[in-house]
Amino acid sequence: MKNWQQILQSSVTTTEQLSKFVQINTQQVEQVIQHYPMKINPYFLKLAIKKGPSLLRQVLPDIRELYDDVCQADPLGEEKNSPVPNLIHRYRDRVLLMVSQECAIYCRFCTRKRRVGRNGFKITRESIEKGIDYIKRHREVRDVLISGGDPLLLSDEQLDWILAAVRDIRHVEIVRIGSRVPGALPQRVTPHLAKVLRKYHPLYLNIHFNHPDEITKESSQACQLLADAGIPLGSQTVLLRGINDNAEVLAALMKKLLAIRVRPYYLFQADPVKGISHLRTSIEVGIHLIEKLRANLSGMAVPDYVVDVPGNGGKIPLLPQYLVELNEKEAVLRSYQGEIYSYPQKPDLHPSAH
Ligand SMILES: *Cc1c(COP(=O)(O)O)cnc(C)c1O
């Protein structure tokens with residue numbers, strides 16, 4: 001059996017390779033990958049071919065990526081909030097540290113499409129050290145989000161030194177890793193990796209899953225290994241047109257995630273990133289879907305629907321309107337079944353003093 005490095009090395013990155021597996025317009029695909037590279041590892045490719053368009057559309061280059069003049073390359077202003085290369089400090093107490101420029105697959109809708117797989121993304125041991133040094137100098141940082149690229153594509157040794165260095169900083173209380181690996185290259189999640197990670201608790205892992213078909217025997221086993229290592233698992237899902245913008249699909253995903261011990265965390269509105277317009281939905285679609293989830297599933301299964309707004313606003317949660325009216329006597333509320341209720345108010349309107 002191949003190990004994860006071998007699987008990754010056999011990834012499909014050229015038009016010629018891809019055309020052996022999928023019917024494509026080679027000229028168009030060639031044009032797209034000149035701008036935005038392609039990478040589909042054989043595990044994900046095989047699964048996507050078996051399961052169909054919901055998985056394929058996430059990784060197959062689409063000519064519409066090149067005819068998108070509405071959106072911006074870096075709508076979230078990440079480069080502006082980057083005091084040292086590959087570190088984003090947007091919220092006072094949290095930083096995002098990019099430690100890897102590689103991914104198990106290239107998602108066509110990537111928020112960092114401007115960088116991932118392209119020359120602009122240069123992460124070195126030195127840049128990571130500079131990031132860690134920045135965190136050391138900023139005592140307000142108590143939460144470090146390790147991201148990329150995909151951090152879990154680093155070797156166990158590299159992850160070990162990064163996590164040790166971050167853990168060594170006194171004021172850092174929690175460490176989080178964001179990864180698509182458990183769903184996109186589950187073979188990477190080995191018992192040895194789990195052994196390395198478990199040394200650095202409290203460590204959280206947020207896994208990117210978009211469709212219930214991504215939950216396979218292999219990805220379930222990967223999650224089980226991580227959960228058994230005591231790592232709380234969350235999920236992040238990107239709402240994507242023609243892929244998961246459907247109440248049944250999302251409900252099935254959330255239920256399956258809970259069953260493999262992953263707690264849904266965020267449902268992201270797809271960012272207005274240049275090259276991904278054809279995969280974005282309107283906000284109305286997101287609100288409608290989150291209302292359907294709320295009405296049909298346990299609260300445990302319902303992620304927060306958030307929009308990351310351009311111009312440094314950060315993540316803003318959006319909810320259907322349940323609060324119809326609020327005054328000194330009552331709150332008028334709408335239930336999950338759409339019925340209206342009056343809830344008696346408490347006259348003291350301010351929080352108690354502590
Ligand atoms: C999303 C994000 C975080 C973490 O946000 P949480 O709501 O705490 O999960 C931190 N920094 C940046 C730059 C982010 O984009």
# chains A, B, ... in the order shown; residues from 1 in each chain; ligands from 1
call {"tool": "select_by_dssp", "arguments": {"residues": "range 213-276 of chain A", "states": "helix (DSSP H, G or I)", "output": "ChimeraX atom specification"}}
result
/A:213-214,217-228,247-259
call {"tool": "residues_around", "arguments": {"residues": "range 93-106 of chain A", "least_positions_apart": "6", "cutoff": "7 Å", "atoms": "only C-alpha atoms", "output": "PDB file with N, CA, C and O atoms, in the first residue's frame"}}
result
ATOM      1  N   LEU A   8       0.406  11.559  -2.635  1.00  0.00           N
ATOM      2  CA  LEU A   8       0.472  12.984  -2.962  1.00  0.00           C
ATOM      3  C   LEU A   8       1.329  13.220  -4.205  1.00  0.00           C
ATOM      4  O   LEU A   8       1.003  14.056  -5.050  1.00  0.00           O
ATOM      5  N   MET A  38      -3.669  23.364 -10.792  1.00  0.00           N
ATOM      6  CA  MET A  38      -4.571  22.265 -10.424  1.00  0.00           C
ATOM      7  C   MET A  38      -3.782  21.231  -9.642  1.00  0.00           C
ATOM      8  O   MET A  38      -2.615  20.977  -9.933  1.00  0.00           O
ATOM      9  N   LYS A  39      -4.415  20.652  -8.660  1.00  0.00           N
ATOM     10  CA  LYS A  39      -3.824  19.508  -7.988  1.00  0.00           C
ATOM     11  C   LYS A  39      -4.949  18.660  -7.422  1.00  0.00           C
ATOM     12  O   LYS A  39      -5.785  19.142  -6.657  1.00  0.00           O
ATOM     13  N   ILE A  40      -5.000  17.417  -7.859  1.00  0.00           N
ATOM     14  CA  ILE A  40      -6.017  16.487  -7.357  1.00  0.00           C
ATOM     15  C   ILE A  40      -5.286  15.187  -7.039  1.00  0.00           C
ATOM     16  O   ILE A  40      -4.758  14.531  -7.937  1.00  0.00           O
ATOM     17  N   ASN A  41      -5.232  14.844  -5.771  1.00  0.00           N
ATOM     18  CA  ASN A  41      -4.516  13.608  -5.442  1.00  0.00           C
ATOM     19  C   ASN A  41      -5.385  12.399  -5.805  1.00  0.00           C
ATOM     20  O   ASN A  41      -6.611  12.498  -5.895  1.00  0.00           O
ATOM     21  N   VAL A  59     -12.679  20.629  -7.547  1.00  0.00           N
ATOM     22  CA  VAL A  59     -11.271  20.519  -7.932  1.00  0.00           C
ATOM     23  C   VAL A  59     -10.994  20.674  -9.429  1.00  0.00           C
ATOM     24  O   VAL A  59      -9.839  20.852  -9.825  1.00  0.00           O
ATOM     25  N   ASN A  86       3.268  35.881   6.202  1.00  0.00           N
ATOM     26  CA  ASN A  86       2.588  34.625   6.524  1.00  0.00           C
ATOM     27  C   ASN A  86       1.965  34.580   7.927  1.00  0.00           C
ATOM     28  O   ASN A  86       1.726  33.502   8.465  1.00  0.00           O
ATOM     29  N   LEU A  87       1.718  35.755   8.493  1.00  0.00           N
ATOM     30  CA  LEU A  87       0.986  35.813   9.762  1.00  0.00           C
ATOM     31  C   LEU A  87      -0.071  36.909   9.636  1.00  0.00           C
ATOM     32  O   LEU A  87       0.218  37.996   9.144  1.00  0.00           O
ATOM     33  N   VAL A 116      -2.051  30.231  -3.199  1.00  0.00           N
ATOM     34  CA  VAL A 116      -1.796  28.795  -3.074  1.00  0.00           C
ATOM     35  C   VAL A 116      -1.346  28.185  -4.406  1.00  0.00           C
ATOM     36  O   VAL A 116      -1.943  28.406  -5.448  1.00  0.00           O
ATOM     37  N   GLY A 117      -0.248  27.462  -4.361  1.00  0.00           N
ATOM     38  CA  GLY A 117       0.278  26.788  -5.546  1.00  0.00           C
ATOM     39  C   GLY A 117       0.987  27.720  -6.507  1.00  0.00           C
ATOM     40  O   GLY A 117       1.440  27.311  -7.565  1.00  0.00           O
ATOM     41  N   PHE A 121       3.590  32.382  -2.871  1.00  0.00           N
ATOM     42  CA  PHE A 121       3.469  31.765  -1.555  1.00  0.00           C
ATOM     43  C   PHE A 121       4.799  31.133  -1.162  1.00  0.00           C
ATOM     44  O   PHE A 121       5.153  30.066  -1.638  1.00  0.00           O
ATOM     45  N   LYS A 122       5.546  31.849  -0.319  1.00  0.00           N
ATOM     46  CA  LYS A 122       6.854  31.335   0.076  1.00  0.00           C
ATOM     47  C   LYS A 122       6.888  31.193   1.590  1.00  0.00           C
ATOM     48  O   LYS A 122       6.972  32.178   2.306  1.00  0.00           O
ATOM     49  N   ILE A 123       6.827  29.974   2.032  1.00  0.00           N
ATOM     50  CA  ILE A 123       6.928  29.753   3.467  1.00  0.00           C
ATOM     51  C   ILE A 123       8.229  29.012   3.722  1.00  0.00           C
ATOM     52  O   ILE A 123       8.531  28.012   3.081  1.00  0.00           O
ATOM     53  N   ILE A 128       8.508  31.139   9.356  1.00  0.00           N
ATOM     54  CA  ILE A 128       7.762  30.581  10.491  1.00  0.00           C
ATOM     55  C   ILE A 128       8.381  31.069  11.807  1.00  0.00           C
ATOM     56  O   ILE A 128       7.671  31.471  12.734  1.00  0.00           O
ATOM     57  N   GLY A 131       7.297  34.510  12.476  1.00  0.00           N
ATOM     58  CA  GLY A 131       5.924  34.523  12.957  1.00  0.00           C
ATOM     59  C   GLY A 131       5.865  34.170  14.441  1.00  0.00           C
ATOM     60  O   GLY A 131       5.180  34.817  15.231  1.00  0.00           O
ATOM     61  N   GLU A 140      -0.782  39.830  24.033  1.00  0.00           N
ATOM     62  CA  GLU A 140      -2.245  39.776  23.963  1.00  0.00           C
ATOM     63  C   GLU A 140      -2.717  38.547  23.172  1.00  0.00           C
ATOM     64  O   GLU A 140      -3.892  38.188  23.225  1.00  0.00           O
ATOM     65  N   VAL A 141      -1.807  37.897  22.474  1.00  0.00           N
ATOM     66  CA  VAL A 141      -2.213  36.746  21.654  1.00  0.00           C
ATOM     67  C   VAL A 141      -2.331  35.504  22.532  1.00  0.00           C
ATOM     68  O   VAL A 141      -1.350  35.043  23.109  1.00  0.00           O
ATOM     69  N   ARG A 142      -3.547  34.979  22.630  1.00  0.00           N
ATOM     70  CA  ARG A 142      -3.729  33.792  23.465  1.00  0.00           C
ATOM     71  C   ARG A 142      -4.232  32.578  22.682  1.00  0.00           C
ATOM     72  O   ARG A 142      -4.457  31.505  23.220  1.00  0.00           O
ATOM     73  N   ASP A 143      -4.386  32.762  21.373  1.00  0.00           N
ATOM     74  CA  ASP A 143      -4.967  31.711  20.535  1.00  0.00           C
ATOM     75  C   ASP A 143      -4.255  31.765  19.184  1.00  0.00           C
ATOM     76  O   ASP A 143      -4.287  32.795  18.505  1.00  0.00           O
ATOM     77  N   VAL A 144      -3.589  30.681  18.829  1.00  0.00           N
ATOM     78  CA  VAL A 144      -2.837  30.652  17.569  1.00  0.00           C
ATOM     79  C   VAL A 144      -3.456  29.625  16.626  1.00  0.00           C
ATOM     80  O   VAL A 144      -3.583  28.447  16.963  1.00  0.00           O
ATOM     81  N   LEU A 145      -3.844  30.132  15.463  1.00  0.00           N
ATOM     82  CA  LEU A 145      -4.490  29.289  14.457  1.00  0.00           C
ATOM     83  C   LEU A 145      -3.446  28.941  13.399  1.00  0.00           C
ATOM     84  O   LEU A 145      -2.970  29.813  12.687  1.00  0.00           O
ATOM     85  N   ILE A 146      -3.125  27.690  13.324  1.00  0.00           N
ATOM     86  CA  ILE A 146      -2.090  27.264  12.388  1.00  0.00           C
ATOM     87  C   ILE A 146      -2.755  26.838  11.086  1.00  0.00           C
ATOM     88  O   ILE A 146      -3.640  25.992  11.065  1.00  0.00           O
ATOM     89  N   SER A 147      -2.330  27.506  10.009  1.00  0.00           N
ATOM     90  CA  SER A 147      -3.039  27.352   8.747  1.00  0.00           C
ATOM     91  C   SER A 147      -2.038  27.312   7.596  1.00  0.00           C
ATOM     92  O   SER A 147      -0.852  27.061   7.780  1.00  0.00           O
ATOM     93  N   GLY A 148      -2.522  27.561   6.381  1.00  0.00           N
ATOM     94  CA  GLY A 148      -1.623  27.512   5.227  1.00  0.00           C
ATOM     95  C   GLY A 148      -2.305  28.027   3.971  1.00  0.00           C
ATOM     96  O   GLY A 148      -3.052  29.000   4.060  1.00  0.00           O
ATOM     97  N   GLY A 149      -2.226  27.260   2.916  1.00  0.00           N
ATOM     98  CA  GLY A 149      -1.847  25.868   2.716  1.00  0.00           C
ATOM     99  C   GLY A 149      -2.442  24.945   3.793  1.00  0.00           C
ATOM    100  O   GLY A 149      -3.345  25.327   4.494  1.00  0.00           O
ATOM    101  N   ASP A 150      -1.931  23.756   3.823  1.00  0.00           N
ATOM    102  CA  ASP A 150      -2.433  22.800   4.808  1.00  0.00           C
ATOM    103  C   ASP A 150      -1.310  22.354   5.736  1.00  0.00           C
ATOM    104  O   ASP A 150      -0.374  21.681   5.303  1.00  0.00           O
ATOM    105  N   PRO A 151      -1.415  22.709   7.017  1.00  0.00           N
ATOM    106  CA  PRO A 151      -0.341  22.377   7.965  1.00  0.00           C
ATOM    107  C   PRO A 151      -0.061  20.873   8.043  1.00  0.00           C
ATOM    108  O   PRO A 151       1.077  20.471   8.275  1.00  0.00           O
ATOM    109  N   LEU A 153       0.262  18.823   5.850  1.00  0.00           N
ATOM    110  CA  LEU A 153       1.147  18.299   4.812  1.00  0.00           C
ATOM    111  C   LEU A 153       2.615  18.447   5.179  1.00  0.00           C
ATOM    112  O   LEU A 153       3.501  17.973   4.469  1.00  0.00           O
ATOM    113  N   LEU A 154       2.880  19.092   6.298  1.00  0.00           N
ATOM    114  CA  LEU A 154       4.256  19.107   6.799  1.00  0.00           C
ATOM    115  C   LEU A 154       4.580  17.723   7.355  1.00  0.00           C
ATOM    116  O   LEU A 154       3.688  16.936   7.674  1.00  0.00           O
ATOM    117  N   VAL A 181      -6.976  17.918   5.267  1.00  0.00           N
ATOM    118  CA  VAL A 181      -6.363  16.602   5.083  1.00  0.00           C
ATOM    119  C   VAL A 181      -7.242  15.411   5.527  1.00  0.00           C
ATOM    120  O   VAL A 181      -7.347  14.431   4.787  1.00  0.00           O
ATOM    121  N   ALA A 184      -9.503  14.974   2.624  1.00  0.00           N
ATOM    122  CA  ALA A 184      -8.974  14.996   1.257  1.00  0.00           C
ATOM    123  C   ALA A 184      -7.780  14.067   1.047  1.00  0.00           C
ATOM    124  O   ALA A 184      -7.471  13.699  -0.078  1.00  0.00           O
ATOM    125  N   LEU A 185      -7.104  13.719   2.146  1.00  0.00           N
ATOM    126  CA  LEU A 185      -5.979  12.781   2.058  1.00  0.00           C
ATOM    127  C   LEU A 185      -5.857  12.075   3.418  1.00  0.00           C
ATOM    128  O   LEU A 185      -4.893  12.248   4.157  1.00  0.00           O
TER     129      LEU A 185
END
call {"tool": "residues_around", "arguments": {"residues": "Pro344 in chain A", "least_positions_apart": "6", "cutoff": "10 Å", "atoms": "only C-alpha atoms", "output": "PDB file with N, CA, C and O atoms, in the first residue's frame"}}
result
ATOM      1  N   ASN A 327     -39.572  44.949  23.217  1.00  0.00           N
ATOM      2  CA  ASN A 327     -39.838  46.179  23.967  1.00  0.00           C
ATOM      3  C   ASN A 327     -39.776  45.868  25.456  1.00  0.00           C
ATOM      4  O   ASN A 327     -39.400  44.765  25.842  1.00  0.00           O
ATOM      5  N   GLU A 328     -40.135  46.828  26.291  1.00  0.00           N
ATOM      6  CA  GLU A 328     -39.960  46.647  27.736  1.00  0.00           C
ATOM      7  C   GLU A 328     -40.847  45.549  28.310  1.00  0.00           C
ATOM      8  O   GLU A 328     -40.555  44.981  29.343  1.00  0.00           O
ATOM      9  N   LYS A 329     -41.968  45.254  27.650  1.00  0.00           N
ATOM     10  CA  LYS A 329     -42.904  44.261  28.174  1.00  0.00           C
ATOM     11  C   LYS A 329     -42.682  42.861  27.624  1.00  0.00           C
ATOM     12  O   LYS A 329     -42.847  41.872  28.317  1.00  0.00           O
ATOM     13  N   GLU A 330     -42.339  42.795  26.361  1.00  0.00           N
ATOM     14  CA  GLU A 330     -42.258  41.465  25.758  1.00  0.00           C
ATOM     15  C   GLU A 330     -41.229  41.394  24.621  1.00  0.00           C
ATOM     16  O   GLU A 330     -40.832  42.407  24.046  1.00  0.00           O
ATOM     17  N   ALA A 331     -40.836  40.161  24.385  1.00  0.00           N
ATOM     18  CA  ALA A 331     -40.091  39.872  23.164  1.00  0.00           C
ATOM     19  C   ALA A 331     -41.036  39.068  22.284  1.00  0.00           C
ATOM     20  O   ALA A 331     -41.600  38.067  22.735  1.00  0.00           O
ATOM     21  N   VAL A 332     -41.214  39.510  21.081  1.00  0.00           N
ATOM     22  CA  VAL A 332     -42.050  38.757  20.151  1.00  0.00           C
ATOM     23  C   VAL A 332     -41.114  37.892  19.313  1.00  0.00           C
ATOM     24  O   VAL A 332     -40.217  38.400  18.636  1.00  0.00           O
TER      25      VAL A 332
END
call {"tool": "atom_distance", "arguments": {"atom1": "CA of Val172 in chain A", "atom2": "CA of Ile132 in chain A"}}
result
10.9 Å
call {"tool": "select_by_dssp", "arguments": {"residues": "range 70-139 of chain A", "states": "strand (DSSP E or B)", "output": "list of chain:residue names"}}
result
A:Gln72, A:Leu87, A:Ile88, A:His89, A:Arg90, A:Tyr91, A:Arg94, A:Val95, A:Leu96, A:Leu97, A:Met98, A:Ile105
call {"tool": "closest_residue", "arguments": {"among": "A:Lys46, A:Phe209, A:Asn244, A:Glu65", "to": "Ser11 in chain A", "atoms": "only C-alpha atoms"}}
result
A:Lys46
call {"tool": "residues_around", "arguments": {"residues": "range 69-77 of chain A", "least_positions_apart": "4", "cutoff": "6 Å", "atoms": "only C-alpha atoms", "output": "mmCIF file with N, CA, C and O atoms, in the first residue's frame"}}
result
data_model
loop_
_atom_site.group_PDB
_atom_site.id
_atom_site.type_symbol
_atom_site.label_atom_id
_atom_site.label_comp_id
_atom_site.auth_asym_id
_atom_site.auth_seq_id
_atom_site.Cartn_x
_atom_site.Cartn_y
_atom_site.Cartn_z
ATOM 1 N N ARG A 114 -5.168 33.539 -4.621
ATOM 2 C CA ARG A 114 -4.124 34.426 -5.144
ATOM 3 C C ARG A 114 -2.727 33.885 -4.851
ATOM 4 O O ARG A 114 -1.755 34.303 -5.462
ATOM 5 N N PRO A 272 -15.780 36.858 -1.688
ATOM 6 C CA PRO A 272 -15.725 37.454 -3.032
ATOM 7 C C PRO A 272 -14.290 37.498 -3.574
ATOM 8 O O PRO A 272 -13.704 38.552 -3.755
ATOM 9 N N VAL A 273 -13.760 36.312 -3.796
ATOM 10 C CA VAL A 273 -12.383 36.171 -4.274
ATOM 11 C C VAL A 273 -12.397 36.096 -5.795
ATOM 12 O O VAL A 273 -13.240 35.404 -6.375
ATOM 13 N N LYS A 274 -11.477 36.772 -6.409
ATOM 14 C CA LYS A 274 -11.389 36.751 -7.874
ATOM 15 C C LYS A 274 -11.210 35.318 -8.366
ATOM 16 O O LYS A 274 -10.336 34.598 -7.895
ATOM 17 N N PRO A 310 -15.181 42.022 3.488
ATOM 18 C CA PRO A 310 -14.042 42.798 2.986
ATOM 19 C C PRO A 310 -13.890 44.071 3.803
ATOM 20 O O PRO A 310 -14.885 44.618 4.291
#
call {"tool": "atom_distance", "arguments": {"atom1": "CA of Ala251 in chain A", "atom2": "CA of Ala295 in chain A"}}
result
10.6 Å
call {"tool": "closest_residue", "arguments": {"among": "A:Asp304, A:Asp348, A:Glu129, A:Glu214", "to": "ligand 1", "atoms": "only C-alpha atoms and all ligand atoms"}}
result
A:Asp304
call {"tool": "atom_distance", "arguments": {"atom1": "CA of Val307 in chain A", "atom2": "CA of Arg57 in chain A"}}
result
22.1 Å
call {"tool": "residues_around", "arguments": {"residues": "Gly338 in chain A", "least_positions_apart": "4", "cutoff": "10 Å", "atoms": "only C-alpha atoms", "output": "ChimeraX atom specification"}}
result
/A:295,322,333-334
call {"tool": "write_last_selection", "arguments": {"atoms": "N, CA, C and O atoms", "output": "PDB file, in the first residue's frame"}}
result
ATOM      1  N   ALA A 295     -34.289  24.174  11.866  1.00  0.00           N
ATOM      2  CA  ALA A 295     -35.632  23.632  12.054  1.00  0.00           C
ATOM      3  C   ALA A 295     -35.623  22.106  12.120  1.00  0.00           C
ATOM      4  O   ALA A 295     -36.502  21.506  12.715  1.00  0.00           O
ATOM      5  N   TYR A 322     -35.395  35.767  14.052  1.00  0.00           N
ATOM      6  CA  TYR A 322     -36.286  35.104  15.009  1.00  0.00           C
ATOM      7  C   TYR A 322     -36.895  36.105  15.981  1.00  0.00           C
ATOM      8  O   TYR A 322     -37.895  35.845  16.617  1.00  0.00           O
ATOM      9  N   LEU A 333     -41.317  36.574  19.419  1.00  0.00           N
ATOM     10  CA  LEU A 333     -40.352  35.646  18.827  1.00  0.00           C
ATOM     11  C   LEU A 333     -41.017  34.718  17.820  1.00  0.00           C
ATOM     12  O   LEU A 333     -42.186  34.350  17.967  1.00  0.00           O
ATOM     13  N   ARG A 334     -40.257  34.330  16.846  1.00  0.00           N
ATOM     14  CA  ARG A 334     -40.756  33.384  15.840  1.00  0.00           C
ATOM     15  C   ARG A 334     -40.087  32.030  16.083  1.00  0.00           C
ATOM     16  O   ARG A 334     -38.868  31.943  16.221  1.00  0.00           O
TER      17      ARG A 334
END
call {"tool": "residues_around", "arguments": {"residues": "Arg108 in chain A", "least_positions_apart": "4", "cutoff": "8 Å", "atoms": "only C-alpha atoms", "output": "list of chain:residue names"}}
result
A:Arg57, A:Gln58, A:Val59, A:Leu60, A:Pro61, A:Lys113, A:Ile276
call {"tool": "closest_residue", "arguments": {"among": "A:Leu197, A:Val285, A:Ile177, A:Ala48", "to": "ligand 1", "atoms": "only C-alpha atoms and all ligand atoms"}}
result
A:Ile177
call {"tool": "closest_residue", "arguments": {"among": "A:Arg112, A:Lys51, A:His171, A:His201", "to": "ligand 1", "atoms": "only C-alpha atoms and all ligand atoms"}}
result
A:Arg112
